$ cat target.csv   # CSV, N, CA and C atoms
chain,number,residue,atom,x,y,z
A,1,MET,N,114.4,101.9,77.7
A,1,MET,CA,114.3,100.5,77.8
A,1,MET,C,115.5,100.0,78.4
A,2,VAL,N,115.4,99.1,79.4
A,2,VAL,CA,116.5,98.5,80.1
A,2,VAL,C,116.3,97.0,80.1
A,3,VAL,N,117.3,96.3,79.6
A,3,VAL,CA,117.4,94.9,79.7
A,3,VAL,C,117.8,94.5,81.1
A,4,VAL,N,116.9,93.9,81.9
A,4,VAL,CA,117.2,93.6,83.3
A,4,VAL,C,117.6,92.1,83.5
A,5,HIS,N,117.4,91.3,82.5
A,5,HIS,CA,117.7,89.9,82.6
A,5,HIS,C,117.7,89.2,81.2
A,6,ARG,N,118.5,88.2,81.1
A,6,ARG,CA,118.5,87.4,79.9
A,6,ARG,C,118.5,85.9,80.2
A,7,ALA,N,117.7,85.1,79.5
A,7,ALA,CA,117.6,83.7,79.8
A,7,ALA,C,116.8,83.0,78.6
A,8,HIS,N,117.2,81.8,78.3
A,8,HIS,CA,116.5,81.0,77.3
A,8,HIS,C,116.4,81.7,76.0
A,9,GLY,N,117.4,82.5,75.6
A,9,GLY,CA,117.3,83.2,74.3
A,9,GLY,C,116.4,84.4,74.3
A,10,CYS,N,116.0,84.8,75.5
A,10,CYS,CA,115.0,86.0,75.7
A,10,CYS,C,115.6,87.1,76.4
A,11,ARG,N,115.2,88.3,76.1
A,11,ARG,CA,115.5,89.5,76.9
A,11,ARG,C,114.3,89.9,77.7
A,12,PHE,N,114.6,90.2,79.0
A,12,PHE,CA,113.6,90.6,79.9
A,12,PHE,C,113.8,92.1,80.1
A,13,ILE,N,112.8,92.9,79.6
A,13,ILE,CA,112.9,94.4,79.5
A,13,ILE,C,111.9,95.1,80.3
A,14,VAL,N,112.4,96.2,80.9
A,14,VAL,CA,111.6,97.2,81.6
A,14,VAL,C,111.7,98.5,80.9
A,15,TYR,N,110.6,99.1,80.5
A,15,TYR,CA,110.6,100.4,79.8
A,15,TYR,C,110.6,101.5,80.9
A,16,LEU,N,111.3,102.5,80.6
A,16,LEU,CA,111.6,103.6,81.6
A,16,LEU,C,110.3,104.3,82.0
A,17,ASP,N,109.4,104.7,81.1
A,17,ASP,CA,108.2,105.4,81.5
A,17,ASP,C,107.0,104.5,81.4
A,18,ASP,N,107.0,103.3,82.0
A,18,ASP,CA,106.0,102.4,81.9
A,18,ASP,C,105.0,102.6,83.1
A,19,HIS,N,104.0,101.7,83.2
A,19,HIS,CA,102.9,101.9,84.2
A,19,HIS,C,102.8,100.6,85.0
A,20,LEU,N,102.0,100.7,86.0
A,20,LEU,CA,101.6,99.6,86.9
A,20,LEU,C,100.6,98.7,86.1
A,21,PRO,N,100.6,97.4,86.4
A,21,PRO,CA,101.3,96.7,87.4
A,21,PRO,C,102.8,96.5,87.0
A,22,ALA,N,103.6,96.3,88.0
A,22,ALA,CA,105.0,96.0,87.7
A,22,ALA,C,105.1,94.8,86.8
A,23,HIS,N,105.8,95.0,85.7
A,23,HIS,CA,105.9,93.9,84.7
A,23,HIS,C,107.1,94.0,83.8
A,24,VAL,N,107.4,93.0,83.1
A,24,VAL,CA,108.5,93.0,82.2
A,24,VAL,C,108.0,92.6,80.8
A,25,HIS,N,108.6,93.0,79.8
A,25,HIS,CA,108.4,92.6,78.4
A,25,HIS,C,109.5,91.5,78.1
A,26,VAL,N,109.0,90.3,77.7
A,26,VAL,CA,110.0,89.3,77.4
A,26,VAL,C,110.0,89.2,75.9
A,27,VAL,N,111.2,89.4,75.3
A,27,VAL,CA,111.3,89.4,73.8
A,27,VAL,C,112.2,88.4,73.3
A,28,GLN,N,111.8,87.7,72.3
A,28,GLN,CA,112.6,86.7,71.6
A,28,GLN,C,112.4,86.9,70.1
A,29,GLY,N,113.4,87.5,69.5
A,29,GLY,CA,113.2,87.8,68.0
A,29,GLY,C,112.1,88.8,67.9
A,30,ARG,N,111.1,88.4,67.1
A,30,ARG,CA,109.9,89.3,66.9
A,30,ARG,C,108.7,89.0,67.9
A,31,ASP,N,108.9,88.0,68.6
A,31,ASP,CA,107.9,87.5,69.6
A,31,ASP,C,108.0,88.2,70.9
A,32,GLU,N,106.9,88.4,71.6
A,32,GLU,CA,107.0,89.2,72.9
A,32,GLU,C,105.8,88.8,73.8
A,33,ALA,N,106.1,88.8,75.0
A,33,ALA,CA,105.0,88.6,76.1
A,33,ALA,C,105.2,89.7,77.1
A,34,LYS,N,104.1,90.1,77.7
A,34,LYS,CA,104.1,91.0,78.8
A,34,LYS,C,103.7,90.2,80.0
A,35,ILE,N,104.6,90.2,81.1
A,35,ILE,CA,104.4,89.4,82.2
A,35,ILE,C,104.4,90.2,83.5
A,36,ALA,N,103.3,90.2,84.3
A,36,ALA,CA,103.3,90.8,85.6
A,36,ALA,C,104.3,90.1,86.5
A,37,ILE,N,105.1,90.9,87.2
A,37,ILE,CA,106.1,90.3,88.1
A,37,ILE,C,105.4,89.7,89.4
A,38,GLY,N,104.4,90.4,89.8
A,38,GLY,CA,103.6,89.9,91.0
A,38,GLY,C,104.3,90.4,92.3
A,39,LEU,N,103.5,90.4,93.3
A,39,LEU,CA,104.0,90.7,94.7
A,39,LEU,C,104.6,89.5,95.3
A,40,ALA,N,105.2,89.7,96.5
A,40,ALA,CA,105.9,88.6,97.1
A,40,ALA,C,105.0,87.4,97.4
A,41,THR,N,103.7,87.7,97.5
A,41,THR,CA,102.8,86.6,97.8
A,41,THR,C,102.1,86.1,96.6
A,42,GLU,N,102.4,86.6,95.4
A,42,GLU,CA,101.8,86.2,94.1
A,42,GLU,C,102.8,85.6,93.2
A,43,ASP,N,102.4,84.7,92.3
A,43,ASP,CA,103.2,84.2,91.3
A,43,ASP,C,103.2,85.2,90.1
A,44,PRO,N,104.2,85.3,89.3
A,44,PRO,CA,104.1,86.1,88.0
A,44,PRO,C,103.0,85.5,87.2
A,45,SER,N,102.4,86.4,86.3
A,45,SER,CA,101.3,86.0,85.5
A,45,SER,C,101.4,86.7,84.1
A,46,VAL,N,101.0,86.0,83.1
A,46,VAL,CA,101.0,86.5,81.7
A,46,VAL,C,99.9,87.5,81.6
A,47,ILE,N,100.2,88.7,81.1
A,47,ILE,CA,99.2,89.7,80.7
A,47,ILE,C,98.8,89.4,79.3
A,48,TRP,N,99.8,89.3,78.4
A,48,TRP,CA,99.5,88.9,77.0
A,48,TRP,C,100.7,88.3,76.4
A,49,ASN,N,100.5,87.5,75.4
A,49,ASN,CA,101.6,86.8,74.7
A,49,ASN,C,101.4,86.9,73.2
A,50,ARG,N,102.4,87.4,72.5
A,50,ARG,CA,102.3,87.6,71.0
A,50,ARG,C,103.4,86.8,70.4
A,51,GLY,N,103.2,85.5,70.3
A,51,GLY,CA,104.1,84.7,69.5
A,51,GLY,C,105.1,83.7,70.2
A,52,LEU,N,105.3,83.9,71.5
A,52,LEU,CA,106.2,82.9,72.2
A,52,LEU,C,105.5,81.6,72.2
A,53,THR,N,106.2,80.5,71.9
A,53,THR,CA,105.6,79.2,71.9
A,53,THR,C,105.3,78.8,73.4
A,54,ALA,N,104.4,77.8,73.5
A,54,ALA,CA,104.0,77.4,74.8
A,54,ALA,C,105.2,76.9,75.6
A,55,ALA,N,106.1,76.2,74.9
A,55,ALA,CA,107.3,75.7,75.6
A,55,ALA,C,108.2,76.8,76.1
A,56,THR,N,108.4,77.8,75.3
A,56,THR,CA,109.2,79.0,75.7
A,56,THR,C,108.6,79.7,76.8
A,57,LEU,N,107.3,79.9,76.7
A,57,LEU,CA,106.5,80.6,77.8
A,57,LEU,C,106.6,79.8,79.1
A,58,ARG,N,106.6,78.5,79.1
A,58,ARG,CA,106.8,77.7,80.3
A,58,ARG,C,108.1,78.0,80.9
A,59,ARG,N,109.2,78.0,80.1
A,59,ARG,CA,110.5,78.2,80.6
A,59,ARG,C,110.7,79.6,81.1
A,60,VAL,N,110.1,80.6,80.4
A,60,VAL,CA,110.1,82.0,80.9
A,60,VAL,C,109.4,82.1,82.2
A,61,MET,N,108.3,81.5,82.4
A,61,MET,CA,107.5,81.6,83.6
A,61,MET,C,108.3,81.0,84.8
A,62,ARG,N,109.0,79.9,84.5
A,62,ARG,CA,109.9,79.3,85.6
A,62,ARG,C,111.0,80.2,85.9
A,63,GLU,N,111.6,80.9,84.9
A,63,GLU,CA,112.6,81.9,85.2
A,63,GLU,C,112.1,83.1,85.9
A,64,MET,N,110.9,83.5,85.6
A,64,MET,CA,110.3,84.7,86.2
A,64,MET,C,110.1,84.3,87.7
A,65,LYS,N,109.6,83.1,88.0
A,65,LYS,CA,109.4,82.8,89.4
A,65,LYS,C,110.8,82.7,90.2
A,66,ALA,N,111.8,82.2,89.5
A,66,ALA,CA,113.1,82.0,90.1
A,66,ALA,C,113.8,83.4,90.4
A,67,GLN,N,113.5,84.4,89.5
A,67,GLN,CA,114.1,85.7,89.6
A,67,GLN,C,113.2,86.8,90.0
A,68,GLN,N,112.0,86.4,90.6
A,68,GLN,CA,111.0,87.3,90.9
A,68,GLN,C,111.4,88.5,91.8
A,69,ALA,N,112.1,88.2,92.9
A,69,ALA,CA,112.6,89.2,93.8
A,69,ALA,C,113.5,90.2,93.1
A,70,THR,N,114.4,89.6,92.3
A,70,THR,CA,115.4,90.5,91.6
A,70,THR,C,114.7,91.4,90.6
A,71,LEU,N,113.8,90.8,89.8
A,71,LEU,CA,113.0,91.6,88.8
A,71,LEU,C,112.2,92.7,89.5
A,72,ARG,N,111.6,92.3,90.6
A,72,ARG,CA,110.8,93.3,91.4
A,72,ARG,C,111.7,94.5,91.8
A,73,ALA,N,112.9,94.1,92.3
A,73,ALA,CA,113.8,95.1,92.8
A,73,ALA,C,114.3,96.0,91.6
A,74,LYS,N,114.5,95.4,90.5
A,74,LYS,CA,114.9,96.2,89.3
A,74,LYS,C,113.8,97.2,88.9
A,75,TRP,N,112.5,96.7,88.9
A,75,TRP,CA,111.4,97.5,88.5
A,75,TRP,C,111.3,98.7,89.5
A,76,THR,N,111.5,98.5,90.8
A,76,THR,CA,111.4,99.5,91.8
A,76,THR,C,112.6,100.5,91.6
A,77,GLU,N,113.8,100.0,91.3
A,77,GLU,CA,114.9,100.8,91.1
A,77,GLU,C,114.7,101.8,89.9
A,78,ILE,N,114.0,101.3,88.9
A,78,ILE,CA,113.8,102.1,87.7
A,78,ILE,C,112.6,103.1,87.9
A,79,HIS,N,111.5,102.6,88.5
A,79,HIS,CA,110.3,103.4,88.6
A,79,HIS,C,110.1,104.1,90.0
A,80,GLY,N,110.9,103.7,91.0
A,80,GLY,CA,110.8,104.4,92.3
A,80,GLY,C,109.8,103.8,93.2

$ encode --input "target.csv" --output "structure tokens"
Amino acid sequence: MVVVHRAHGCRFIVYLDDHLPAHVHVVQGRDEAKIAIGLATEDPSVIWNRGLTAATLRRVMREMKAQQATLRAKWTEIHG
């Protein structure tokens, strides 16, 4: 597991032996969401959410959009 970004009290994590689609796990305490990074022409999208509040999820999604290219590059660096 690699923490690739931190924002809004959350850790954005990529697991080493994970699968497509390219995604991050966003963890805040015991709460977690799995978010697809999306391609250059797509916005990030929530795959599932377990406990993040709507307000936190909105902030996370804005951060995902702002960091999308960097997060996609980190995913590619880890998974080839």

$ select_by_dssp --input "target.csv" --residues "region 35-79 of chain A" --states "strand (DSSP E)" --output "compact mmCIF listing (two decimals) with N, CA and C atoms, keeping the file's coordinate frame"
# COMPACT_ATOMS: atom_id res chain seq x y z
N ILE A 35 104.60 90.20 81.10
CA ILE A 35 104.40 89.40 82.20
C ILE A 35 104.40 90.20 83.50
N ALA A 36 103.30 90.20 84.30
CA ALA A 36 103.30 90.80 85.60
C ALA A 36 104.30 90.10 86.50
N SER A 45 102.40 86.40 86.30
CA SER A 45 101.30 86.00 85.50
C SER A 45 101.40 86.70 84.10
N VAL A 46 101.00 86.00 83.10
CA VAL A 46 101.00 86.50 81.70
C VAL A 46 99.90 87.50 81.60
N ILE A 47 100.20 88.70 81.10
CA ILE A 47 99.20 89.70 80.70
C ILE A 47 98.80 89.40 79.30
N TRP A 48 99.80 89.30 78.40
CA TRP A 48 99.50 88.90 77.00
C TRP A 48 100.70 88.30 76.40
N ASN A 49 100.50 87.50 75.40
CA ASN A 49 101.60 86.80 74.70
C ASN A 49 101.40 86.90 73.20
N ARG A 50 102.40 87.40 72.50
CA ARG A 50 102.30 87.60 71.00
C ARG A 50 103.40 86.80 70.40

$ closest_residue --input "target.csv" --among "A:Val24, A:Leu57, A:Ala40, A:Val2" --to "Leu71 (chain A)" --atoms "only C-alpha atoms"
A:Val24

$ closest_residue --input "target.csv" --among "A:Leu16, A:His5, A:Val46, A:Cys10" --to "Glu77 (chain A)" --atoms "only C-alpha atoms"
A:Leu16

$ select_by_dssp --input "target.csv" --residues "chain A" --states "helix (DSSP H, G or I)" --output "list in words"
Ala54, Ala55, Thr56, Leu57, Arg58, Arg59, Val60, Met61, Arg62, Glu63, Met64, Lys65, Ala66, Gln68, Ala69, Thr70, Leu71, Arg72, Ala73, Lys74, Trp75, Thr76, Glu77, Ile78 and His79 of chain A

$ write_last_selection --input "target.csv" --atoms "N, CA and C atoms" --output "PDB file, in the coordinates of the input"
ATOM      1  N   ALA A  54     104.400  77.800  73.500  1.00  0.00           N
ATOM      2  CA  ALA A  54     104.000  77.400  74.800  1.00  0.00           C
ATOM      3  C   ALA A  54     105.200  76.900  75.600  1.00  0.00           C
ATOM      4  N   ALA A  55     106.100  76.200  74.900  1.00  0.00           N
ATOM      5  CA  ALA A  55     107.300  75.700  75.600  1.00  0.00           C
ATOM      6  C   ALA A  55     108.200  76.800  76.100  1.00  0.00           C
ATOM      7  N   THR A  56     108.400  77.800  75.300  1.00  0.00           N
ATOM      8  CA  THR A  56     109.200  79.000  75.700  1.00  0.00           C
ATOM      9  C   THR A  56     108.600  79.700  76.800  1.00  0.00           C
ATOM     10  N   LEU A  57     107.300  79.900  76.700  1.00  0.00           N
ATOM     11  CA  LEU A  57     106.500  80.600  77.800  1.00  0.00           C
ATOM     12  C   LEU A  57     106.600  79.800  79.100  1.00  0.00           C
ATOM     13  N   ARG A  58     106.600  78.500  79.100  1.00  0.00           N
ATOM     14  CA  ARG A  58     106.800  77.700  80.300  1.00  0.00           C
ATOM     15  C   ARG A  58     108.100  78.000  80.900  1.00  0.00           C
ATOM     16  N   ARG A  59     109.200  78.000  80.100  1.00  0.00           N
ATOM     17  CA  ARG A  59     110.500  78.200  80.600  1.00  0.00           C
ATOM     18  C   ARG A  59     110.700  79.600  81.100  1.00  0.00           C
ATOM     19  N   VAL A  60     110.100  80.600  80.400  1.00  0.00           N
ATOM     20  CA  VAL A  60     110.100  82.000  80.900  1.00  0.00           C
ATOM     21  C   VAL A  60     109.400  82.100  82.200  1.00  0.00           C
ATOM     22  N   MET A  61     108.300  81.500  82.400  1.00  0.00           N
ATOM     23  CA  MET A  61     107.500  81.600  83.600  1.00  0.00           C
ATOM     24  C   MET A  61     108.300  81.000  84.800  1.00  0.00           C
ATOM     25  N   ARG A  62     109.000  79.900  84.500  1.00  0.00           N
ATOM     26  CA  ARG A  62     109.900  79.300  85.600  1.00  0.00           C
ATOM     27  C   ARG A  62     111.000  80.200  85.900  1.00  0.00           C
ATOM     28  N   GLU A  63     111.600  80.900  84.900  1.00  0.00           N
ATOM     29  CA  GLU A  63     112.600  81.900  85.200  1.00  0.00           C
ATOM     30  C   GLU A  63     112.100  83.100  85.900  1.00  0.00           C
ATOM     31  N   MET A  64     110.900  83.500  85.600  1.00  0.00           N
ATOM     32  CA  MET A  64     110.300  84.700  86.200  1.00  0.00           C
ATOM     33  C   MET A  64     110.100  84.300  87.700  1.00  0.00           C
ATOM     34  N   LYS A  65     109.600  83.100  88.000  1.00  0.00           N
ATOM     35  CA  LYS A  65     109.400  82.800  89.400  1.00  0.00           C
ATOM     36  C   LYS A  65     110.800  82.700  90.200  1.00  0.00           C
ATOM     37  N   ALA A  66     111.800  82.200  89.500  1.00  0.00           N
ATOM     38  CA  ALA A  66     113.100  82.000  90.100  1.00  0.00           C
ATOM     39  C   ALA A  66     113.800  83.400  90.400  1.00  0.00           C
ATOM     40  N   GLN A  68     112.000  86.400  90.600  1.00  0.00           N
ATOM     41  CA  GLN A  68     111.000  87.300  90.900  1.00  0.00           C
ATOM     42  C   GLN A  68     111.400  88.500  91.800  1.00  0.00           C
ATOM     43  N   ALA A  69     112.100  88.200  92.900  1.00  0.00           N
ATOM     44  CA  ALA A  69     112.600  89.200  93.800  1.00  0.00           C
ATOM     45  C   ALA A  69     113.500  90.200  93.100  1.00  0.00           C
ATOM     46  N   THR A  70     114.400  89.600  92.300  1.00  0.00           N
ATOM     47  CA  THR A  70     115.400  90.500  91.600  1.00  0.00           C
ATOM     48  C   THR A  70     114.700  91.400  90.600  1.00  0.00           C
ATOM     49  N   LEU A  71     113.800  90.800  89.800  1.00  0.00           N
ATOM     50  CA  LEU A  71     113.000  91.600  88.800  1.00  0.00           C
ATOM     51  C   LEU A  71     112.200  92.700  89.500  1.00  0.00           C
ATOM     52  N   ARG A  72     111.600  92.300  90.600  1.00  0.00           N
ATOM     53  CA  ARG A  72     110.800  93.300  91.400  1.00  0.00           C
ATOM     54  C   ARG A  72     111.700  94.500  91.800  1.00  0.00           C
ATOM     55  N   ALA A  73     112.900  94.100  92.300  1.00  0.00           N
ATOM     56  CA  ALA A  73     113.800  95.100  92.800  1.00  0.00           C
ATOM     57  C   ALA A  73     114.300  96.000  91.600  1.00  0.00           C
ATOM     58  N   LYS A  74     114.500  95.400  90.500  1.00  0.00           N
ATOM     59  CA  LYS A  74     114.900  96.200  89.300  1.00  0.00           C
ATOM     60  C   LYS A  74     113.800  97.200  88.900  1.00  0.00           C
ATOM     61  N   TRP A  75     112.500  96.700  88.900  1.00  0.00           N
ATOM     62  CA  TRP A  75     111.400  97.500  88.500  1.00  0.00           C
ATOM     63  C   TRP A  75     111.300  98.700  89.500  1.00  0.00           C
ATOM     64  N   THR A  76     111.500  98.500  90.800  1.00  0.00           N
ATOM     65  CA  THR A  76     111.400  99.500  91.800  1.00  0.00           C
ATOM     66  C   THR A  76     112.600 100.500  91.600  1.00  0.00           C
ATOM     67  N   GLU A  77     113.800 100.000  91.300  1.00  0.00           N
ATOM     68  CA  GLU A  77     114.900 100.800  91.100  1.00  0.00           C
ATOM     69  C   GLU A  77     114.700 101.800  89.900  1.00  0.00           C
ATOM     70  N   ILE A  78     114.000 101.300  88.900  1.00  0.00           N
ATOM     71  CA  ILE A  78     113.800 102.100  87.700  1.00  0.00           C
ATOM     72  C   ILE A  78     112.600 103.100  87.900  1.00  0.00           C
ATOM     73  N   HIS A  79     111.500 102.600  88.500  1.00  0.00           N
ATOM     74  CA  HIS A  79     110.300 103.400  88.600  1.00  0.00           C
ATOM     75  C   HIS A  79     110.100 104.100  90.000  1.00  0.00           C
TER      76      HIS A  79
END

$ atom_distance --input "target.csv" --atom1 "atom N of Val14 (chain A)" --atom2 "CA of Gly29 (chain A)"
15.4 Å

$ closest_residue --input "target.csv" --among "A:His23, A:Ile37, A:Gly9, A:Asp18" --to "Met64 (chain A)" --atoms "only C-alpha atoms"
A:Ile37

$ closest_residue --input "target.csv" --among "A:Arg6, A:Arg50, A:His19, A:Arg59" --to "Ala36 (chain A)" --atoms "only C-alpha atoms"
A:His19

$ atom_distance --input "target.csv" --atom1 "CA of Gly51 (chain A)" --atom2 "CA of Ile35 (chain A)"
13.5 Å

$ closest_residue --input "target.csv" --among "A:Leu52, A:Pro44, A:Met61, A:Ala22" --to "Thr76 (chain A)" --atoms "only N, CA and C atoms"
A:Ala22

$ closest_residue --input "target.csv" --among "A:Lys34, A:Tyr15, A:Ala55, A:Glu42" --to "Ile78 (chain A)" --atoms "only N, CA and C atoms"
A:Tyr15

$ atom_distance --input "target.csv" --atom1 "CA of His79 (chain A)" --atom2 "atom N of Leu20 (chain A)"
9.1 Å
